[in-house]
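To keep things clear, I will list the structure first and then write my remarks on it.
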Amino acid sequence: MSVYRQLLVAIDLGDESRAVAAKSAELARLWQARVQLLHVIEFVPVEPMSDALVPVVQIDERLIARAREQLQALAAEVGLDTSGCHVANGSVKGELLRHARDCGADLIVLGCRERHGLSILVNFTEDTVLHGAPCDVLAMRVR
């Protein structure tokens, strides 16, 4: 009997995503667990009256469809069922925690980067997820 039956794996589709997905797939095989991959497209609105010169980017269906295709290709590459691939938009932290509750995850897996200097003081996704998660969290070191 497995301690973990439902893994939720956060994938950012970056260079290290394959390693996180492959390790998660291997854990799932060992534990006979189901895996769901989640990629969140984060939209940070810009205040219209602010001094920021950052253009507002609209999240359209093409961007979501492209992310879904990449996520499904990654799942197939590491031997996971592509029906467990999900793309959401919004706050990465909020969507990850919401999806974990909705799918009944008993383990959240995410990649974790080493931080240096002032970046140690900034609130990163893995910190927020760790403290807000409804289940255990496994952080995999990525380089």
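In the structure tokens, each chain is lettered A, B, ... as it comes, each chain's residues begin at 1, and ligands are numbered from 1 in order of appearance.
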Excluding same-chain residues fewer than 2 positions from stretch 37-41 of chain A, what lies within 7 Å of it counting only C-alpha atoms, as a ChimeraX atom specification? /A:8-12,35,43,84-90,92
Spatial neighbours of stretch 69-79 of chain A, 7 Å, only C-alpha atoms, chain gap at least 3 places, as a PyMOL selection string: chain A and resi 18+21-22+25+65-66+82+85
Same residues, C-alpha atoms, output as an mmCIF file, in the first residue's frame:
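File selection_34.cif, as written:
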```cif
data_model
loop_
_atom_site.group_PDB
_atom_site.id
_atom_site.type_symbol
_atom_site.label_atom_id
_atom_site.label_comp_id
_atom_site.auth_asym_id
_atom_site.auth_seq_id
_atom_site.Cartn_x
_atom_site.Cartn_y
_atom_site.Cartn_z
ATOM 1 C CA ARG A 18 11.897 17.224 -17.827
ATOM 2 C CA ALA A 21 8.596 15.200 -14.483
ATOM 3 C CA ALA A 22 10.848 12.151 -14.967
ATOM 4 C CA ALA A 25 6.991 9.589 -12.931
ATOM 5 C CA ALA A 65 -3.140 25.672 -26.231
ATOM 6 C CA ARG A 66 0.615 25.877 -26.843
ATOM 7 C CA THR A 82 -1.443 12.822 -20.991
ATOM 8 C CA CYS A 85 -2.109 17.350 -17.865
#
```
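With only C-alpha atoms as the basis for measurement, A:Gly111 is the residue among A:Gly111, A:Gly132, A:Gln6, A:Leu138 that approaches A:Ala19 most closely.
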Name the closest residue to A:Asp15 among the candidates A:Val142, A:Leu110, A:Leu80, A:Ala67; distances are taken between atoms, counting only C-alpha atoms.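 Among A:Val142, A:Leu110, A:Leu80, A:Ala67, it is A:Val142 that comes nearest to A:Asp15.
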